[in-house]
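Colleague: So that you have it, the file is structure-v1.txt, and it contains compact mmCIF, C-alpha atoms and all ligand atoms:
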# COMPACT_ATOMS: atom_id res chain seq x y z
CA MET A 1 0.00 0.00 0.00
CA ASP A 2 2.35 2.73 1.20
CA GLY A 3 5.16 2.94 -1.34
CA ALA A 4 6.88 5.82 0.41
CA PRO A 5 10.53 5.05 1.22
CA THR A 6 10.17 5.59 4.94
CA ALA A 7 12.00 3.60 7.65
CA ARG A 8 10.91 -0.02 7.67
CA ARG A 9 8.17 -0.77 10.09
CA LYS A 10 8.03 -3.79 12.32
CA ILE A 11 5.31 -6.35 12.83
CA THR A 12 5.56 -8.73 15.76
CA TYR A 13 3.62 -11.94 16.17
CA ILE A 14 2.99 -13.22 19.69
CA PHE A 15 2.31 -16.90 20.34
CA PRO A 16 1.54 -18.14 23.85
CA ILE A 17 2.75 -21.71 24.16
CA TYR A 18 1.54 -24.26 26.66
CA ASN A 19 2.27 -27.89 25.78
CA GLU A 20 2.29 -27.34 22.04
CA GLN A 21 5.28 -29.52 21.09
CA ASP A 22 3.51 -31.02 18.08
CA ASN A 23 2.22 -27.70 16.78
CA ILE A 24 5.29 -25.49 16.96
CA ASP A 25 7.10 -26.62 13.81
CA LEU A 26 3.99 -26.57 11.66
CA LEU A 27 2.97 -23.22 13.08
CA HIS A 28 6.31 -21.62 12.37
CA LYS A 29 6.51 -23.12 8.91
CA THR A 30 3.03 -21.88 8.06
CA ILE A 31 3.52 -18.42 9.47
CA ASP A 32 6.85 -18.16 7.65
CA GLU A 33 5.20 -19.05 4.34
CA VAL A 34 2.20 -16.84 4.87
CA THR A 35 4.27 -13.80 5.78
CA THR A 36 6.74 -14.09 2.89
CA PRO A 37 5.03 -11.32 0.89
CA LEU A 38 5.33 -9.04 3.90
CA GLN A 39 9.11 -9.31 4.09
CA ALA A 40 9.62 -6.69 1.40
CA ARG A 41 7.87 -4.05 3.44
CA TYR A 42 8.25 -5.03 7.09
CA ASP A 43 10.68 -6.36 9.62
CA LEU A 44 9.14 -9.37 11.27
CA GLU A 45 9.57 -10.84 14.73
CA PHE A 46 7.92 -13.93 16.14
CA ILE A 47 7.74 -13.97 19.91
CA TYR A 48 7.06 -17.37 21.42
CA VAL A 49 6.15 -17.20 25.08
CA ASN A 50 6.61 -20.57 26.71
CA ASP A 51 4.12 -20.61 29.57
CA GLY A 52 5.69 -23.32 31.71
CA SER A 53 5.03 -26.16 29.27
CA ARG A 54 5.50 -29.66 30.67
CA ASP A 55 6.38 -31.23 27.33
CA ALA A 56 9.21 -30.62 24.91
CA SER A 57 7.87 -27.26 23.75
CA LEU A 58 10.81 -25.25 25.09
CA ASP A 59 13.38 -27.47 23.37
CA LYS A 60 11.41 -27.21 20.15
CA LEU A 61 11.35 -23.45 20.45
CA LEU A 62 15.07 -23.14 21.14
CA GLU A 63 15.75 -25.39 18.15
CA LEU A 64 13.53 -23.25 15.99
CA ARG A 65 15.31 -20.18 17.26
CA GLU A 66 18.59 -21.64 15.90
CA ARG A 67 17.03 -21.91 12.45
CA ASP A 68 15.28 -18.58 12.34
CA GLN A 69 16.81 -15.52 13.96
CA ARG A 70 13.53 -13.65 13.72
CA ALA A 71 12.14 -15.88 16.44
CA THR A 72 12.35 -14.74 20.04
CA VAL A 73 11.77 -17.20 22.85
CA ILE A 74 10.65 -16.02 26.26
CA SER A 75 10.26 -18.79 28.77
CA LEU A 76 8.28 -18.03 31.91
CA SER A 77 9.39 -19.63 35.17
CA ARG A 78 6.17 -21.63 35.48
CA ASN A 79 2.65 -21.81 34.06
CA PHE A 80 1.13 -18.37 34.60
CA GLY A 81 -1.84 -18.78 32.30
CA HIS A 82 -2.67 -17.73 28.78
CA GLN A 83 -3.54 -14.10 29.50
CA ILE A 84 -0.34 -13.48 31.43
CA ALA A 85 1.72 -15.23 28.75
CA VAL A 86 0.28 -12.90 26.12
CA THR A 87 1.02 -9.96 28.42
CA ALA A 88 4.66 -11.05 28.67
CA GLY A 89 4.74 -11.13 24.88
CA LEU A 90 3.23 -7.66 24.64
CA ASP A 91 5.79 -6.31 27.09
CA ALA A 92 8.57 -7.69 24.89
CA ALA A 93 7.00 -6.23 21.75
CA SER A 94 7.10 -2.57 22.70
CA ASP A 95 9.30 -1.76 19.69
CA ALA A 96 6.79 -3.11 17.17
CA ASP A 97 4.55 -0.91 15.05
CA ALA A 98 1.88 -3.56 15.10
CA VAL A 99 1.44 -6.69 17.18
CA ILE A 100 -0.57 -9.75 16.24
CA ILE A 101 -1.70 -12.11 18.99
CA MET A 102 -2.45 -15.67 17.88
CA ASP A 103 -3.07 -19.06 19.43
CA ALA A 104 -0.32 -21.54 18.69
CA ASP A 105 -2.53 -24.55 17.97
CA MET A 106 -3.49 -23.47 14.42
CA GLN A 107 -7.04 -22.67 15.54
CA ASP A 108 -6.39 -19.11 14.47
CA PRO A 109 -5.47 -19.56 10.79
CA PRO A 110 -2.15 -17.79 10.08
CA ARG A 111 -3.29 -16.51 6.70
CA VAL A 112 -6.03 -14.44 8.35
CA SER A 113 -3.30 -12.31 9.92
CA LEU A 114 -2.66 -10.84 6.48
CA GLU A 115 -6.20 -9.51 6.40
CA LEU A 116 -5.66 -7.98 9.82
CA ILE A 117 -2.54 -6.23 8.55
CA GLU A 118 -4.38 -4.93 5.49
CA ARG A 119 -6.99 -3.28 7.69
CA TRP A 120 -4.28 -1.84 9.93
CA GLU A 121 -2.60 -0.33 6.88
CA GLN A 122 -5.91 1.40 6.17
CA GLY A 123 -5.67 3.10 9.54
CA VAL A 124 -7.53 0.82 11.95
CA ASP A 125 -5.84 0.57 15.37
CA VAL A 126 -7.36 -2.66 16.64
CA VAL A 127 -8.38 -5.31 14.14
CA TYR A 128 -9.95 -8.24 15.88
CA ALA A 129 -10.72 -11.49 14.16
CA GLN A 130 -14.32 -12.47 14.71
CA ARG A 131 -15.42 -16.10 14.46
CA ARG A 132 -17.99 -16.80 11.83
CA THR A 133 -17.97 -20.48 12.63
CA ARG A 134 -16.36 -22.85 15.06
CA LYS A 135 -15.49 -26.38 14.12
CA ASP A 136 -17.37 -28.44 16.67
CA THR A 137 -18.65 -31.91 17.27
CA LEU A 138 -22.29 -31.14 16.54
CA PHE A 139 -22.36 -33.04 13.27
CA LYS A 140 -19.73 -35.57 14.16
CA LYS A 141 -20.53 -39.10 15.15
CA VAL A 142 -20.72 -39.61 18.89
CA THR A 143 -18.29 -42.46 18.39
CA ALA A 144 -15.43 -40.07 17.64
CA ASN A 145 -12.61 -41.03 19.95
CA ALA A 146 -11.81 -39.04 23.07
CA LEU A 147 -8.63 -37.50 21.70
CA ARG A 148 -10.41 -36.12 18.69
CA ARG A 149 -13.07 -34.72 20.91
CA THR A 150 -10.60 -32.75 22.98
CA ARG A 151 -9.21 -31.18 19.83
CA LYS A 152 -12.50 -29.90 18.47
CA ASP A 153 -14.44 -27.24 20.26
CA THR A 154 -17.30 -29.15 21.81
CA LEU A 155 -20.91 -28.13 21.52
CA PHE A 156 -20.70 -27.49 25.25
CA LYS A 157 -17.91 -24.97 24.71
CA LYS A 158 -19.84 -23.28 21.96
CA VAL A 159 -22.99 -22.93 24.03
CA THR A 160 -21.23 -21.77 27.18
CA ALA A 161 -19.07 -19.31 25.27
CA ASN A 162 -22.19 -17.85 23.68
CA ALA A 163 -24.01 -17.52 26.99
CA PHE A 164 -20.92 -15.97 28.53
CA TYR A 165 -20.57 -13.25 25.90
CA ARG A 166 -24.26 -12.48 26.07
CA THR A 167 -24.25 -12.06 29.86
CA LEU A 168 -21.03 -10.07 29.78
CA GLU A 169 -22.53 -7.72 27.24
CA LYS A 170 -25.53 -7.17 29.53
CA LEU A 171 -23.52 -6.71 32.69
CA SER A 172 -20.53 -4.65 31.66
CA SER A 173 -20.46 -1.01 30.78
CA ILE A 174 -18.07 -1.47 27.87
CA ASP A 175 -18.73 -3.13 24.55
CA ILE A 176 -16.86 -6.39 24.23
CA PRO A 177 -17.33 -7.74 20.71
CA ARG A 178 -19.14 -11.06 20.53
CA ASN A 179 -17.36 -14.20 19.26
CA THR A 180 -13.85 -12.88 19.45
CA GLY A 181 -10.89 -14.44 21.13
CA ASP A 182 -7.53 -12.87 21.60
CA PHE A 183 -6.68 -13.27 17.92
CA ARG A 184 -6.19 -9.65 16.94
CA LEU A 185 -3.85 -6.99 15.69
CA LEU A 186 -2.93 -4.06 17.91
CA ASP A 187 -1.30 -0.86 16.79
CA ARG A 188 1.71 0.25 18.83
CA LYS A 189 -0.26 3.00 20.56
CA VAL A 190 -2.75 0.43 21.82
CA VAL A 191 0.08 -1.79 23.05
CA ALA A 192 1.54 1.22 24.86
CA GLU A 193 -1.81 1.90 26.53
CA LEU A 194 -2.28 -1.73 27.53
CA ALA A 195 1.15 -1.73 29.15
CA LYS A 196 -0.21 0.66 31.77
CA TYR A 197 -2.81 -1.85 32.94
CA ARG A 198 -1.13 -4.23 35.33
CA GLU A 199 -4.05 -5.98 37.00
CA GLN A 200 -3.50 -9.60 38.03
CA HIS A 201 -6.86 -10.93 36.90
CA ARG A 202 -6.46 -10.14 33.27
CA PHE A 203 -9.12 -10.25 30.66
CA LEU A 204 -7.26 -8.85 27.68
CA ARG A 205 -10.08 -8.62 25.19
CA GLY A 206 -12.00 -6.54 27.73
CA LEU A 207 -9.00 -4.29 28.32
CA VAL A 208 -8.52 -3.82 24.59
CA SER A 209 -12.13 -2.69 24.21
CA TYR A 210 -11.70 -0.49 27.25
CA VAL A 211 -8.74 1.50 25.90
CA GLY A 212 -10.70 2.54 22.82
CA PHE A 213 -9.18 3.77 19.53
CA ARG A 214 -10.49 2.71 16.16
CA GLN A 215 -11.52 -0.94 16.39
CA GLU A 216 -12.88 -3.10 13.60
CA ALA A 217 -13.60 -6.76 12.96
CA VAL A 218 -12.50 -9.19 10.27
CA GLN A 219 -14.58 -12.37 9.92
CA PHE A 220 -12.92 -15.76 9.86
CA ASP A 221 -13.64 -19.46 10.28
CA ARG A 222 -12.02 -20.90 13.35
CA ASP A 223 -10.34 -24.22 12.70
CA ALA A 224 -9.97 -27.23 14.93
CA ARG A 225 -6.87 -27.56 17.10
CA HIS A 226 -4.09 -29.22 15.09
CA ALA A 227 -2.55 -31.47 17.77
CA GLY A 228 -2.53 -31.84 21.52
CA GLU A 229 -5.24 -30.92 23.98
CA THR A 230 -6.88 -27.72 25.04
CA GLY A 231 -5.10 -25.86 27.82
CA TYR A 232 -8.47 -24.53 28.92
CA PRO A 233 -10.30 -27.20 30.88
CA LEU A 234 -13.62 -26.23 32.48
CA ARG A 235 -11.90 -24.98 35.63
CA LYS A 236 -9.80 -22.46 33.73
CA MET A 237 -12.77 -21.48 31.58
CA LEU A 238 -14.78 -20.64 34.70
CA LYS A 239 -11.95 -18.57 36.16
CA PHE A 240 -11.59 -16.80 32.86
CA ALA A 241 -15.33 -16.04 32.72
CA ALA A 242 -15.21 -14.71 36.28
CA ASP A 243 -12.27 -12.47 35.39
CA GLY A 244 -14.31 -11.05 32.54
CA MET A 245 -17.43 -10.49 34.61
CA LEU A 246 -15.89 -9.21 37.83
CA GLY A 247 -13.19 -7.18 36.15
CA PHE A 248 -15.55 -5.16 34.03
CA SER A 249 -18.73 -4.91 36.02
CA VAL A 250 -19.93 -4.25 39.55
CA THR A 251 -23.48 -5.17 38.56
CA PRO A 252 -23.37 -8.41 40.63
CA LEU A 253 -22.93 -6.22 43.71
CA ARG A 254 -25.97 -4.19 42.79
CA LEU A 255 -27.92 -7.39 42.15
CA ILE A 256 -27.40 -8.29 45.81
CA SER A 257 -29.37 -5.32 47.07
CA ARG A 258 -32.02 -5.81 44.41
CA MET A 259 -32.41 -9.40 45.53
CA GLY A 260 -32.70 -8.15 49.10
CA TYR A 261 -35.50 -5.76 48.16
CA ALA A 262 -37.34 -8.49 46.27
CA ILE A 263 -37.16 -10.92 49.18
CA SER A 264 -38.18 -8.24 51.69
CA LEU A 265 -41.20 -7.41 49.59
CA LEU A 266 -42.13 -11.08 49.39
CA SER A 267 -41.88 -11.53 53.14
CA PHE A 268 -43.98 -8.42 53.69
CA LEU A 269 -46.70 -10.02 51.55
CA GLY A 270 -46.19 -13.14 53.68
CA VAL A 271 -46.81 -11.10 56.84
CA LEU A 272 -50.08 -9.77 55.42
CA TYR A 273 -51.14 -13.29 54.55
CA VAL A 274 -50.35 -14.60 58.02
CA LEU A 275 -52.20 -11.73 59.67
CA GLY A 276 -55.16 -12.36 57.39
CA VAL A 277 -55.32 -16.03 58.29
CA ARG A 278 -54.91 -15.29 62.01
CA LEU A 279 -57.66 -12.68 62.10
CA PHE A 280 -60.24 -13.90 59.64
CA SER A 281 -59.97 -17.64 59.16
CA PRO A 282 -62.10 -19.87 61.45
CA GLU A 283 -59.16 -22.13 62.47
CA SER A 284 -56.97 -19.10 63.27
CA ALA A 285 -53.86 -21.29 63.29
CA VAL A 286 -51.25 -20.69 60.58
CA PRO A 287 -50.06 -24.04 59.21
CA GLY A 288 -46.69 -24.63 57.59
CA TRP A 289 -43.60 -25.85 59.46
CA ALA A 290 -42.49 -27.28 56.13
CA PHE A 291 -42.71 -23.85 54.59
CA VAL A 292 -40.66 -22.37 57.42
CA THR A 293 -37.89 -24.93 57.04
CA VAL A 294 -37.71 -24.62 53.28
CA ALA A 295 -37.72 -20.83 53.46
CA MET A 296 -34.95 -20.94 56.06
CA PHE A 297 -32.68 -23.08 53.91
CA LEU A 298 -33.50 -21.10 50.80
CA LEU A 299 -32.62 -17.82 52.47
CA GLY A 300 -29.50 -19.34 54.02
CA GLY A 301 -28.44 -20.47 50.57
CA ILE A 302 -29.13 -17.12 48.97
CA GLN A 303 -27.20 -15.34 51.70
CA LEU A 304 -24.20 -17.58 51.26
CA ILE A 305 -24.22 -17.04 47.51
CA MET A 306 -24.36 -13.29 48.02
CA LEU A 307 -21.52 -13.52 50.54
CA GLY A 308 -19.63 -15.38 47.85
CA VAL A 309 -20.20 -12.54 45.38
CA LEU A 310 -18.96 -10.05 47.96
CA GLY A 311 -16.04 -12.35 48.70
CA SER A 312 -15.05 -12.51 45.03
CA TYR A 313 -14.72 -8.76 44.84
CA ILE A 314 -12.90 -8.56 48.17
CA GLY A 315 -10.53 -11.35 47.13
CA ARG A 316 -9.71 -9.55 43.91
CA THR A 317 -9.12 -6.35 45.83
CA TYR A 318 -6.72 -8.21 48.12
CA VAL A 319 -4.78 -9.69 45.23
CA GLU A 320 -4.50 -6.33 43.50
CA VAL A 321 -3.24 -4.47 46.58
CA GLN A 322 -0.42 -6.98 46.92
CA ARG A 323 0.92 -5.52 43.69
CA ARG A 324 2.97 -8.56 42.79
CA PRO A 325 4.70 -8.67 39.43
CA LEU A 326 2.60 -10.45 36.81
CA TYR A 327 5.16 -13.09 35.87
CA ALA A 328 8.76 -14.20 36.17
CA VAL A 329 10.95 -14.90 33.15
CA ALA A 330 13.40 -17.80 33.28
CA ILE A 331 15.03 -17.65 29.85
CA VAL A 332 15.11 -15.11 27.05
CA ALA A 333 16.52 -16.02 23.66
CA ARG A 334 16.73 -12.94 21.53
CA SER A 335 19.17 -11.80 18.86
CA GLY A 336 21.27 -14.93 18.80
CA ARG A 337 21.91 -15.63 22.44
CA VAL A 338 20.19 -17.74 25.06
CA GLU A 339 20.54 -16.30 28.51
CA PRO A 340 18.86 -16.13 31.86
CA ALA A 341 16.43 -13.27 32.20
CA PRO A 342 18.09 -9.98 33.15
CA ALA A 343 17.11 -8.86 36.63
CA SER A 344 14.76 -5.95 36.07
N1 LIG B 401 -2.02 -21.37 26.64
C1 LIG B 401 -1.07 -20.79 27.49
N2 LIG B 401 -1.14 -21.04 28.84
C2 LIG B 401 -2.14 -21.81 29.38
C3 LIG B 401 -3.11 -22.37 28.52
C4 LIG B 401 -3.02 -22.11 27.15
O1 LIG B 401 -0.16 -20.09 27.04
O2 LIG B 401 -2.14 -21.99 30.60
C5 LIG B 401 -1.92 -21.11 25.18
C6 LIG B 401 -2.02 -22.33 24.29
O3 LIG B 401 -0.74 -22.90 24.06
C7 LIG B 401 -2.62 -21.76 23.01
C8 LIG B 401 -3.51 -20.65 23.53
O4 LIG B 401 -3.03 -20.32 24.83
O5 LIG B 401 -1.63 -21.19 22.17
C9 LIG B 401 -4.96 -21.05 23.58
O6 LIG B 401 -5.11 -22.19 24.38
P1 LIG B 401 -6.01 -23.43 23.98
O7 LIG B 401 -5.91 -23.73 22.51
O8 LIG B 401 -5.65 -24.54 24.89
O9 LIG B 401 -7.46 -22.88 24.33
P2 LIG B 401 -8.81 -23.12 23.51
O10 LIG B 401 -8.51 -22.84 22.07
O11 LIG B 401 -9.17 -24.54 23.76
O12 LIG B 401 -9.75 -22.14 24.12
MG MG B 402 -7.10 -23.74 20.99
Can you give me the file's structure in the form of structure tokens?
Ligand code: UDP
Ligand code: MG

Modeller:
Amino acid sequence: MDGAPTARRKITYIFPIYNEQDNIDLLHKTIDEVTTPLQARYDLEFIYVNDGSRDASLDKLLELRERDQRATVISLSRNFGHQIAVTAGLDAASDADAVIIMDADMQDPPRVSLELIERWEQGVDVVYAQRRTRKDTLFKKVTANALRRTRKDTLFKKVTANAFYRTLEKLSSIDIPRNTGDFRLLDRKVVAELAKYREQHRFLRGLVSYVGFRQEAVQFDRDARHAGETGYPLRKMLKFAADGMLGFSVTPLRLISRMGYAISLLSFLGVLYVLGVRLFSPESAVPGWAFVTVAMFLLGGIQLIMLGVLGSYIGRTYVEVQRRPLYAVAIVARSGRVEPAPAS
């Protein structure tokens, strides 16, 4: 597009890696092929953030680094989680003019990144890739073996993800685009803004929406995972959903008092009913020990749930005031050398 002989700009790809030993070579090969036409115009860097993988991912990455000097390997000291791994990548990419965040399991098709770059060249600051479809098991035979099932996004994942985005949209004050993951391109000014947000419970796609700038979507079809298993079992998915909800909305807190009003109103009606029975009914005895017991347990349950909501916010407050660093780096391999992380 821009033929002007200005200084070469830099595009950096960020890949979070957790147990992806069988995907790394294919990923790098594909991304290398796909980005060949870009080489004339841009400097490229590929940052692989090893998030405490338990398989041979790190060795694979260091090998790859020997073959291709454009690859940077950052190895975290343990598994910090996907969002933190991406953050570590963003921190290391502060010299890039544009950053592309992609999953390493080939679910985010590398060729789509070219479309993201095209939109960025037209002046869009955040280009997020929006899923048109997800490959799932809906039409597959139930007899598909367990390994295959863990590679595809299950119907369960599809349904829960949908419900999650819908609720989040209702609850939060900012607009988080539906059906988007972290597959996106960020202009350097967005990366610089994001660097100021150091909260522990990170929900990057929310933060990206939050910082603003010109944001647009590119549609794509999400593929199935190439090899290995998802690093997001239900437990992590729930934590992730909570980070999204609690981090961007205090509506659950307001729901507590609304619930309180509703229950108070109900019990007031109950009082009227009891008085009515006592005064006007011939038996004048109010029946219902069963009702009392059930109501007691119900209210106890509701109160505990509400305490839990309060507790979630208080717990997050506690974690944030500790102000711990987000991650620790064990190894950095950049510009030819492999060395322990510099103390910073
Ligand atoms: N990932 C990570 N740390 C984790 C879990 C996952 O860095 O603790 C990486 C993983 O290697 C992949 C990306 O995050 O590149 C998305 O993870 P995954 O494919 O397992 O999630 P899913 O696509 O099933 O939601
Ligand atoms: Mg995946």

Colleague: Can you pull out the residues contacting region 54-59 of chain A? Cut-off 8 Å, using all atoms listed in the file, and skip same-chain residues under 5 positions away; I want them as a PyMOL selection string.

Modeller: chain A and resi 17-21+24+75

Colleague: For Val126 (chain A), work out the shell of residues within 6 Å, counting all atoms listed in the file and skipping chain neighbours fewer than 3 positions away, then give it as a PyMOL selection string.

Modeller: chain A and resi 185-186+215

Colleague: Nearest residue to ligand MG 402 (chain B) out of A:Glu216, A:Asp125, A:Glu229, A:Glu63, using only C-alpha atoms and all ligand atoms?

Modeller: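 Of the candidates, the smallest distance to ligand MG 402 (chain B) is held by A:Glu229.
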
Colleague: Please indicate the distance in Å from CA of Asp91 (chain A) to CA of Ile11 (chain A), rounded to one decimal place.

Modeller: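 About the pair CA of Asp91 (chain A) and CA of Ile11 (chain A): they are 14.3 Å apart.
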
Colleague: Which residues of chain A sit at most 12 Å from ligand MG 402 (chain B), using all atoms listed in the file? Give each one's shortest atom pair and distance in Å (one decimal place), in chain and ascending residue order, as a Markdown table.

Modeller:
| residue | atom | partner | partner_atom | distance |
| --- | --- | --- | --- | --- |
| A:Phe15 | CA | B:MG402 | MG | 11.7 |
| A:Pro16 | CA | B:MG402 | MG | 10.7 |
| A:Ile17 | CA | B:MG402 | MG | 10.5 |
| A:Tyr18 | CA | B:MG402 | MG | 10.3 |
| A:Asn19 | CA | B:MG402 | MG | 11.3 |
| A:Glu20 | CA | B:MG402 | MG | 10.1 |
| A:Asn23 | CA | B:MG402 | MG | 11.0 |
| A:His82 | CA | B:MG402 | MG | 10.8 |
| A:Met102 | CA | B:MG402 | MG | 9.8 |
| A:Asp103 | CA | B:MG402 | MG | 6.4 |
| A:Ala104 | CA | B:MG402 | MG | 7.5 |
| A:Asp105 | CA | B:MG402 | MG | 5.5 |
| A:Met106 | CA | B:MG402 | MG | 7.5 |
| A:Gln107 | CA | B:MG402 | MG | 5.6 |
| A:Asp108 | CA | B:MG402 | MG | 8.0 |
| A:Pro109 | CA | B:MG402 | MG | 11.1 |
| A:Arg134 | CA | B:MG402 | MG | 11.0 |
| A:Lys135 | CA | B:MG402 | MG | 11.2 |
| A:Thr150 | CA | B:MG402 | MG | 9.9 |
| A:Arg151 | CA | B:MG402 | MG | 7.8 |
| A:Lys152 | CA | B:MG402 | MG | 8.6 |
| A:Asp153 | CA | B:MG402 | MG | 8.2 |
| A:Thr154 | CA | B:MG402 | MG | 11.6 |
| A:Lys157 | CA | B:MG402 | MG | 11.5 |
| A:Gly181 | CA | B:MG402 | MG | 10.0 |
| A:Asp182 | CA | B:MG402 | MG | 10.9 |
| A:Phe183 | CA | B:MG402 | MG | 10.9 |
| A:Arg222 | CA | B:MG402 | MG | 9.5 |
| A:Asp223 | CA | B:MG402 | MG | 8.9 |
| A:Ala224 | CA | B:MG402 | MG | 7.6 |
| A:Arg225 | CA | B:MG402 | MG | 5.5 |
| A:His226 | CA | B:MG402 | MG | 8.6 |
| A:Ala227 | CA | B:MG402 | MG | 9.5 |
| A:Gly228 | CA | B:MG402 | MG | 9.3 |
| A:Glu229 | CA | B:MG402 | MG | 8.0 |
| A:Thr230 | CA | B:MG402 | MG | 5.7 |
| A:Gly231 | CA | B:MG402 | MG | 7.4 |
| A:Tyr232 | CA | B:MG402 | MG | 8.1 |
| A:Pro233 | CA | B:MG402 | MG | 11.0 |

Colleague: Atom O3 of ligand LIG 401 (chain B) to CA of Val49 (chain A): how many Å, to one decimal?

Modeller: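 So the two atoms, atom O3 of ligand LIG 401 (chain B) and CA of Val49 (chain A), lie 9.0 Å apart.
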
Colleague: Identify the residues around (-5.8, -1.9, 24.7) within a radius of 9 Å, measuring from only C-alpha atoms in the coordinates stated by the file, and give them as a tab-separated table (two decimals) with C-alpha atoms, keeping the file's coordinate frame.

Modeller:
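Writing done, so here's selection-v4.tsv:
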chain	number	residue	atom	x	y	z
A	126	VAL	CA	-7.36	-2.66	16.64
A	186	LEU	CA	-2.93	-4.06	17.91
A	189	LYS	CA	-0.26	3.00	20.56
A	190	VAL	CA	-2.75	0.43	21.82
A	191	VAL	CA	0.08	-1.79	23.05
A	192	ALA	CA	1.54	1.22	24.86
A	193	GLU	CA	-1.81	1.90	26.53
A	194	LEU	CA	-2.28	-1.73	27.53
A	195	ALA	CA	1.15	-1.73	29.15
A	197	TYR	CA	-2.81	-1.85	32.94
A	204	LEU	CA	-7.26	-8.85	27.68
A	205	ARG	CA	-10.08	-8.62	25.19
A	206	GLY	CA	-12.00	-6.54	27.73
A	207	LEU	CA	-9.00	-4.29	28.32
A	208	VAL	CA	-8.52	-3.82	24.59
A	209	SER	CA	-12.13	-2.69	24.21
A	210	TYR	CA	-11.70	-0.49	27.25
A	211	VAL	CA	-8.74	1.50	25.90
A	212	GLY	CA	-10.70	2.54	22.82
A	213	PHE	CA	-9.18	3.77	19.53

Colleague: Using only C-alpha atoms, find each residue of region 249-329 of chain A with at least one atom at most 10 Å away from an atom of region 161-173 of chain A; report its shortest atom-to-atom pair and that distance in Å (one decimal), sort the rows by chain and rising residue number, and return the result as JSON lines.

Modeller:
{"residue": "A:Ser249", "atom": "CA", "partner": "A:Ser172", "partner_atom": "CA", "distance": 4.7}
{"residue": "A:Val250", "atom": "CA", "partner": "A:Ser172", "partner_atom": "CA", "distance": 7.9}
{"residue": "A:Thr251", "atom": "CA", "partner": "A:Leu171", "partner_atom": "CA", "distance": 6.1}
{"residue": "A:Pro252", "atom": "CA", "partner": "A:Leu171", "partner_atom": "CA", "distance": 8.1}

Colleague: From the options A:Lys10, A:Arg324, A:Arg178, A:Arg132, which residue's atoms come nearest to Arg198 (chain A), counting all atoms listed in the file?

Modeller: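 Using all atoms listed in the file, the shortest distance to Arg198 (chain A) belongs to A:Arg324.
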
Colleague: May I ask which of the residues A:Thr36, A:Gln122, A:Thr160, A:Ser94 is the closest one to ligand LIG 401 (chain B), counting all atoms listed in the file?

Modeller: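 Of the candidates, the smallest distance to ligand LIG 401 (chain B) is held by A:Thr160.
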
Colleague: Which is closer to ligand LIG 401 (chain B) than all the others in A:Asp221, A:Asp32, A:Asp51, A:Asp43, using all atoms listed in the file?

Modeller: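 Of A:Asp221, A:Asp32, A:Asp51, A:Asp43, the one nearest ligand LIG 401 (chain B), counting all atoms listed in the file, is A:Asp51.
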
Colleague: Give me the box for region 250-260 of chain A as AutoDock Vina command-line options, namely the centre and edge lengths in Å to one decimal of a box along x, y and z that holds every listed atom plus 6 Å on each side.

Modeller:
--center_x -26.3 --center_y -6.8 --center_z 43.8 --size_x 24.8 --size_y 17.2 --size_z 22.5

Colleague: For the atom pair CA of Ile305 (chain A) and CA of Gln83 (chain A), what is the interatomic distance in Å to one decimal place?

Modeller: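 Value for the CA of Ile305 (chain A)-CA of Gln83 (chain A) distance: 27.6 Å.
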
Colleague: Can you find the residues with an atom no farther than 6 Å from (2.8, -15.9, 33.4), counting all atoms listed in the file, and report them as a list in words?

Modeller: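 Counting all atoms listed in the file, I find these residues within 6 Å of (2.8, -15.9, 33.4): Asn79, Phe80, Gly81, Ile84, Ala85 and Tyr327 of chain A.
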
Colleague: When you look at Arg78 (chain A) with a cut-off of 8 Å (counting only C-alpha atoms), what residues show up, excluding the ones that are within fewer than 3 positions of it in the same chain? I need them as a count of residues only.

Modeller: 4

Colleague: Which of these, A:Ile176, A:Ala98, A:Leu269, A:Ala129, has the shortest distance to Phe248 (chain A) once you count all atoms listed in the file?

Modeller: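 Nearest candidate to Phe248 (chain A) out of A:Ile176, A:Ala98, A:Leu269, A:Ala129: A:Ile176.
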
Colleague: Which is closest to Arg184 (chain A) among A:Leu266, A:Ile74, A:Val274, A:Leu116, if we use all atoms listed in the file?

Modeller: A:Leu116

Colleague: Name the residues in contact with Val292 (chain A) at a cut-off of 12 Å, using all atoms listed in the file, excluding same-chain residues fewer than 6 positions from it; report them as an MDAnalysis selection string.

Modeller: chainID A and resid 267 270 286 298:299

Colleague: Would you mind listing what lies within 9 Å of region 65-72 of chain A as a PDB file with C-alpha atoms, in the frame of the given file, with all atoms listed in the file counted and same-chain residues fewer than 4 positions away left out?

Modeller:
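Heads up, here's the output in selection-v3.pdb:
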ATOM      1  CA  ASP A  43      10.680  -6.360   9.620  1.00  0.00           C
ATOM      2  CA  LEU A  44       9.140  -9.370  11.270  1.00  0.00           C
ATOM      3  CA  GLU A  45       9.570 -10.840  14.730  1.00  0.00           C
ATOM      4  CA  PHE A  46       7.920 -13.930  16.140  1.00  0.00           C
ATOM      5  CA  ILE A  47       7.740 -13.970  19.910  1.00  0.00           C
ATOM      6  CA  TYR A  48       7.060 -17.370  21.420  1.00  0.00           C
ATOM      7  CA  VAL A  49       6.150 -17.200  25.080  1.00  0.00           C
ATOM      8  CA  LYS A  60      11.410 -27.210  20.150  1.00  0.00           C
ATOM      9  CA  LEU A  61      11.350 -23.450  20.450  1.00  0.00           C
ATOM     10  CA  VAL A 332      15.110 -15.110  27.050  1.00  0.00           C
ATOM     11  CA  ALA A 333      16.520 -16.020  23.660  1.00  0.00           C
ATOM     12  CA  ARG A 334      16.730 -12.940  21.530  1.00  0.00           C
ATOM     13  CA  SER A 335      19.170 -11.800  18.860  1.00  0.00           C
ATOM     14  CA  GLY A 336      21.270 -14.930  18.800  1.00  0.00           C
TER      15      GLY A 336
END
